[in-house]
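For reference, the structure discussed in these notes is given below.
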Amino acid sequence: MKKLFTRGRMAVLIVTAILLIDQAIKIWVKTHMYRGESIRIADWFYIHFTENPGMAFGMEVFNKLFLTSFRIVAAAAIIWYLWKLCKKAVHEIPVGYIVCLSCILAGAIGNIIDCVCYGAIFTESTYRELAQFVSPGEGYAPWFYGKVVDMFYFPLIETNWPTWMPFVGGEHFIFFSPIFNFADAAISCGIVALLIFYNKYLSAEPQPAEEKDIEAHSSTTNQ
């Protein structure tokens with residue numbers, strides 16, 4: 001049973017599941033909602049359709065092509081690292097560590113799909129027109145220049161700063177204001193879990209159990 005459900009297959013299942021959920025949500029939102037349209041789920045939760053060419057949570061920092069290339073390189077590095085861990089059968093690595101890396105990888109690939117493909121296969125989403133599928137290359141932008149679809153908006157606290165506060169007194173304040181997608185959430189949850197629970201595994205590459213046994217035996221012999 002253990003051989004059938006290896007860590008490698010578990011990683012593939014996690015990545016596949018997150019990608020399917022992420023892309024299903026994005027495609028539905030893009031083809032059923034106008035850009036800027038909101039659906040109220042609760043006072044603190046909205047489905048708000050927006051697009052951004054930049055990083056997670058709607059931030060725009062780097063050049064579009066550079067950002068897409070960086071995401072591809074980062075995803076390739078994570079794939080290589082996961083493959084290396086699974087191939088070496090590092091038994092002391094906890095399953096949760098593999099799960100976190102798989103979530104980060106899936107989130108990265110999910111946003112890469114938007115950047116690489118969406119511009120070429122969708123018409124542009126506007127405030128009056130819904131996006132539609134088109135033949136590859138006939139979309140609103142060239143390959144690698146698509147926009148990332150965001151939709152989750154959680155204005156948990158919405159108020160005004162007290163008037164006596166310097167610089168921001170009286171101004172409107174929203175917490176949490178970024179709009180993000182399922183892939184962003186997978187990346188964030190994976191990174192936070194890694195930093196909290198598996199920080200020691202990030203500082204140094206673990207050794208396979210066989211190598212540790214050899215080192216322990218050598219140490220015992222020398223004593």
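Every chain in the structure tokens has a letter given in the order shown (A, B, ...), and although residue numbers restart at 1 in each chain, ligands are simply numbered from 1 in the order shown.
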Name the residues in contact with Pro155 of chain A at a cut-off of 12 Å, using only C-alpha atoms, excluding same-chain residues fewer than 2 positions from it; report them as JSON, numbers by chain. {"A": [40, 41, 42, 43, 44, 45, 46, 47, 48, 152, 153, 157, 158, 159, 173, 174, 175, 176, 177, 178, 179]}
So that I have them on file, write out the residues from the current selection with N, CA and C atoms, as a short mmCIF file (atom, residue, chain, number, x, y, z; two decimals), in the first residue's frame.
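Output (result-v9.cif):
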data_model
loop_
_atom_site.label_atom_id
_atom_site.label_comp_id
_atom_site.auth_asym_id
_atom_site.auth_seq_id
_atom_site.Cartn_x
_atom_site.Cartn_y
_atom_site.Cartn_z
N ARG A 40 -21.75 39.59 -3.47
CA ARG A 40 -21.64 39.61 -2.01
C ARG A 40 -21.99 38.24 -1.44
N ILE A 41 -21.03 37.62 -0.75
CA ILE A 41 -21.27 36.37 -0.05
C ILE A 41 -21.60 36.65 1.41
N ALA A 42 -20.90 37.58 2.00
CA ALA A 42 -21.15 38.06 3.37
C ALA A 42 -20.58 39.46 3.46
N ASP A 43 -20.82 40.13 4.58
CA ASP A 43 -20.29 41.49 4.74
C ASP A 43 -18.77 41.52 4.67
N TRP A 44 -18.14 40.41 5.01
CA TRP A 44 -16.69 40.35 5.05
C TRP A 44 -16.10 39.50 3.92
N PHE A 45 -16.93 39.08 2.96
CA PHE A 45 -16.45 38.21 1.88
C PHE A 45 -17.19 38.51 0.59
N TYR A 46 -16.43 38.88 -0.45
CA TYR A 46 -17.00 39.16 -1.77
C TYR A 46 -16.23 38.40 -2.84
N ILE A 47 -16.93 38.03 -3.90
CA ILE A 47 -16.28 37.60 -5.13
C ILE A 47 -16.22 38.82 -6.01
N HIS A 48 -15.05 39.38 -6.16
CA HIS A 48 -14.86 40.62 -6.90
C HIS A 48 -13.86 40.37 -8.03
N PHE A 152 -11.04 36.81 -4.86
CA PHE A 152 -11.40 36.72 -3.44
C PHE A 152 -11.07 38.03 -2.72
N TYR A 153 -12.10 38.61 -2.10
CA TYR A 153 -11.94 39.89 -1.42
C TYR A 153 -12.54 39.78 -0.02
N ILE A 157 -12.35 44.28 8.15
CA ILE A 157 -12.61 45.48 8.94
C ILE A 157 -12.65 46.67 8.00
N GLU A 158 -13.71 47.45 8.06
CA GLU A 158 -13.84 48.65 7.22
C GLU A 158 -14.29 49.80 8.10
N THR A 159 -13.43 50.79 8.24
CA THR A 159 -13.72 51.89 9.15
C THR A 159 -12.91 53.12 8.72
N PHE A 173 -10.21 53.18 5.96
CA PHE A 173 -9.29 52.07 6.19
C PHE A 173 -10.02 50.74 6.01
N ILE A 174 -9.39 49.83 5.23
CA ILE A 174 -9.95 48.50 5.02
C ILE A 174 -8.89 47.46 5.36
N PHE A 175 -9.27 46.50 6.16
CA PHE A 175 -8.42 45.35 6.46
C PHE A 175 -9.28 44.08 6.27
N PHE A 176 -9.02 43.32 5.35
CA PHE A 176 -7.87 43.03 4.51
C PHE A 176 -8.24 43.46 3.09
N SER A 177 -7.48 44.37 2.45
CA SER A 177 -7.91 44.93 1.17
C SER A 177 -7.43 44.21 -0.09
N PRO A 178 -6.32 43.45 -0.08
CA PRO A 178 -5.89 42.80 -1.32
C PRO A 178 -6.93 41.82 -1.87
N ILE A 179 -6.99 41.73 -3.18
CA ILE A 179 -7.85 40.76 -3.87
C ILE A 179 -6.94 39.68 -4.44
#
Would you return as an NGL selection string the members of segment 6-198 of chain A that DSSP assigns to strand (DSSP E) on this structure's backbone? :A and (38-42 or 45-52 or 148-153 or 157-160 or 172-175 or 179-180)
Backbone DSSP call of helix (DSSP H, G or I) for segment 68-144 of chain A, listed as a PyMOL selection string: chain A and resi 68-88+95-121
Could you give me, as an mmCIF file with N, CA and C atoms, in the first residue's frame, the residues within 10 Å of Val29 of chain A, counting only C-alpha atoms and dropping anything in the same chain fewer than 2 positions from it?
data_model
loop_
_atom_site.group_PDB
_atom_site.id
_atom_site.type_symbol
_atom_site.label_atom_id
_atom_site.label_comp_id
_atom_site.auth_asym_id
_atom_site.auth_seq_id
_atom_site.Cartn_x
_atom_site.Cartn_y
_atom_site.Cartn_z
ATOM 1 N N GLN A 23 -8.075 26.749 -11.652
ATOM 2 C CA GLN A 23 -8.453 27.090 -13.024
ATOM 3 C C GLN A 23 -9.963 27.056 -13.222
ATOM 4 N N ALA A 24 -10.655 26.157 -12.536
ATOM 5 C CA ALA A 24 -12.113 26.121 -12.647
ATOM 6 C C ALA A 24 -12.722 27.418 -12.128
ATOM 7 N N ILE A 25 -12.232 27.899 -10.992
ATOM 8 C CA ILE A 25 -12.734 29.156 -10.425
ATOM 9 C C ILE A 25 -12.429 30.318 -11.356
ATOM 10 N N LYS A 26 -11.196 30.389 -11.848
ATOM 11 C CA LYS A 26 -10.797 31.506 -12.710
ATOM 12 C C LYS A 26 -11.593 31.530 -14.017
ATOM 13 N N ILE A 27 -11.751 30.375 -14.631
ATOM 14 C CA ILE A 27 -12.477 30.323 -15.909
ATOM 15 C C ILE A 27 -13.940 30.695 -15.711
ATOM 16 N N THR A 31 -15.562 34.066 -17.441
ATOM 17 C CA THR A 31 -16.591 33.909 -18.477
ATOM 18 C C THR A 31 -18.003 34.217 -17.987
ATOM 19 N N HIS A 32 -18.177 34.487 -16.688
ATOM 20 C CA HIS A 32 -19.510 34.760 -16.160
ATOM 21 C C HIS A 32 -19.625 36.108 -15.448
ATOM 22 N N MET A 33 -18.518 36.808 -15.261
ATOM 23 C CA MET A 33 -18.565 38.084 -14.553
ATOM 24 C C MET A 33 -17.880 39.173 -15.371
ATOM 25 N N TYR A 34 -18.426 40.374 -15.284
ATOM 26 C CA TYR A 34 -17.789 41.528 -15.897
ATOM 27 C C TYR A 34 -16.643 41.990 -15.010
ATOM 28 N N ARG A 35 -15.642 42.581 -15.617
ATOM 29 C CA ARG A 35 -14.524 43.094 -14.821
ATOM 30 C C ARG A 35 -15.022 44.172 -13.865
ATOM 31 N N GLU A 37 -17.086 43.542 -11.424
ATOM 32 C CA GLU A 37 -18.341 43.087 -10.824
ATOM 33 C C GLU A 37 -18.072 42.374 -9.495
ATOM 34 N N ILE A 47 -16.932 38.033 -3.896
ATOM 35 C CA ILE A 47 -16.284 37.598 -5.126
ATOM 36 C C ILE A 47 -16.215 38.822 -6.013
ATOM 37 N N HIS A 48 -15.050 39.380 -6.156
ATOM 38 C CA HIS A 48 -14.858 40.625 -6.904
ATOM 39 C C HIS A 48 -13.859 40.366 -8.029
ATOM 40 N N PHE A 49 -14.323 40.424 -9.258
ATOM 41 C CA PHE A 49 -13.489 40.079 -10.410
ATOM 42 C C PHE A 49 -12.583 41.239 -10.795
ATOM 43 N N THR A 50 -11.298 40.962 -10.742
ATOM 44 C CA THR A 50 -10.310 41.927 -11.218
ATOM 45 C C THR A 50 -9.161 41.157 -11.853
ATOM 46 N N LEU A 130 -18.407 40.174 -21.396
ATOM 47 C CA LEU A 130 -17.813 38.996 -20.777
ATOM 48 C C LEU A 130 -16.733 38.428 -21.687
ATOM 49 N N ALA A 131 -15.722 37.857 -21.099
ATOM 50 C CA ALA A 131 -14.660 37.221 -21.884
ATOM 51 C C ALA A 131 -15.177 35.932 -22.502
ATOM 52 N N VAL A 149 -6.077 36.358 -13.072
ATOM 53 C CA VAL A 149 -7.446 36.575 -12.618
ATOM 54 C C VAL A 149 -7.498 36.478 -11.090
ATOM 55 N N ASP A 150 -8.016 37.521 -10.441
ATOM 56 C CA ASP A 150 -8.202 37.546 -8.994
ATOM 57 C C ASP A 150 -9.676 37.726 -8.681
ATOM 58 N N MET A 151 -10.101 37.196 -7.517
ATOM 59 C CA MET A 151 -11.528 37.286 -7.217
ATOM 60 C C MET A 151 -11.898 37.278 -5.730
#
For Arg71 of chain A, find every residue with an atom within 12 Å (counting only C-alpha atoms), except residues of its own chain fewer than 3 positions away, and show them as a list of chain:residue names.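 Answer for this query is A:Gly54, A:Met55, A:Ala56, A:Phe62, A:Lys64, A:Leu65, A:Phe66, A:Leu67, A:Thr68, A:Ala74, A:Ala75, A:Ala76, A:Ala77, A:Ile78, A:Ile104, A:Leu105, A:Ala106, A:Gly107, A:Ala108, A:Ile109, A:Gly110, A:Asn111, A:Ile112, A:Ile113, A:Asp114, A:Cys115, A:Val116, A:Phe144.
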For a test of reading the model, state the distance in Å between atom CA of Leu85 of chain A and atom CA of Leu19 of chain A, rounded to one decimal. 21.8 Å
Could you tell me how far atom CA of Phe182 of chain A sits from atom CA of Pro136 of chain A, in Å to one decimal place? 24.6 Å
When you look at segment 91-102 of chain A with a cut-off of 9 Å (counting only C-alpha atoms), what residues show up, excluding the ones that are within fewer than 5 positions of it in the same chain? I need them as a PDB file with C-alpha atoms, in the first residue's frame.
ATOM      1  CA  ARG A   7       5.292  10.842  -1.678  1.00  0.00           C
ATOM      2  CA  GLY A   8       5.873  11.593  -5.329  1.00  0.00           C
ATOM      3  CA  MET A  10       0.957  12.418  -3.304  1.00  0.00           C
ATOM      4  CA  ALA A  11       2.697  15.571  -4.542  1.00  0.00           C
ATOM      5  CA  VAL A  12       1.279  15.045  -8.029  1.00  0.00           C
ATOM      6  CA  ILE A  14      -2.005  17.734  -4.520  1.00  0.00           C
ATOM      7  CA  VAL A  15      -0.677  19.840  -7.393  1.00  0.00           C
ATOM      8  CA  ILE A  78      10.590  23.447  -6.929  1.00  0.00           C
ATOM      9  CA  ILE A  79       9.810  20.545  -9.276  1.00  0.00           C
ATOM     10  CA  LEU A  82      10.608  17.715  -4.987  1.00  0.00           C
ATOM     11  CA  LEU A  85      13.573  14.495  -2.315  1.00  0.00           C
ATOM     12  CA  GLY A 107       0.003  28.012  -6.857  1.00  0.00           C
ATOM     13  CA  ALA A 186      -2.076  27.990  -1.871  1.00  0.00           C
ATOM     14  CA  ILE A 187       1.289  29.753  -2.136  1.00  0.00           C
ATOM     15  CA  CYS A 189      -0.495  28.877   3.107  1.00  0.00           C
ATOM     16  CA  GLY A 190       2.427  26.749   1.931  1.00  0.00           C
ATOM     17  CA  ILE A 191       5.013  29.427   2.744  1.00  0.00           C
ATOM     18  CA  VAL A 192       3.531  30.268   6.153  1.00  0.00           C
ATOM     19  CA  ALA A 193       3.361  26.582   7.126  1.00  0.00           C
ATOM     20  CA  LEU A 194       6.956  26.071   6.005  1.00  0.00           C
ATOM     21  CA  PHE A 197       6.564  24.202  11.196  1.00  0.00           C
ATOM     22  CA  TYR A 198       9.426  23.233   8.885  1.00  0.00           C
ATOM     23  CA  TYR A 201      14.396  21.828   6.737  1.00  0.00           C
ATOM     24  CA  PRO A 206      18.737  16.666   4.729  1.00  0.00           C
ATOM     25  CA  GLN A 207      20.739  13.513   4.203  1.00  0.00           C
ATOM     26  CA  PRO A 208      19.248  10.191   3.223  1.00  0.00           C
ATOM     27  CA  ALA A 209      18.817   7.732   6.065  1.00  0.00           C
TER      28      ALA A 209
END
Among listed residues A:Leu13, A:Ala120, A:Ile72, A:Ile39, nearest Phe154 of chain A (using only C-alpha atoms):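 For Phe154 of chain A, the nearest of the given residues is A:Ile39.
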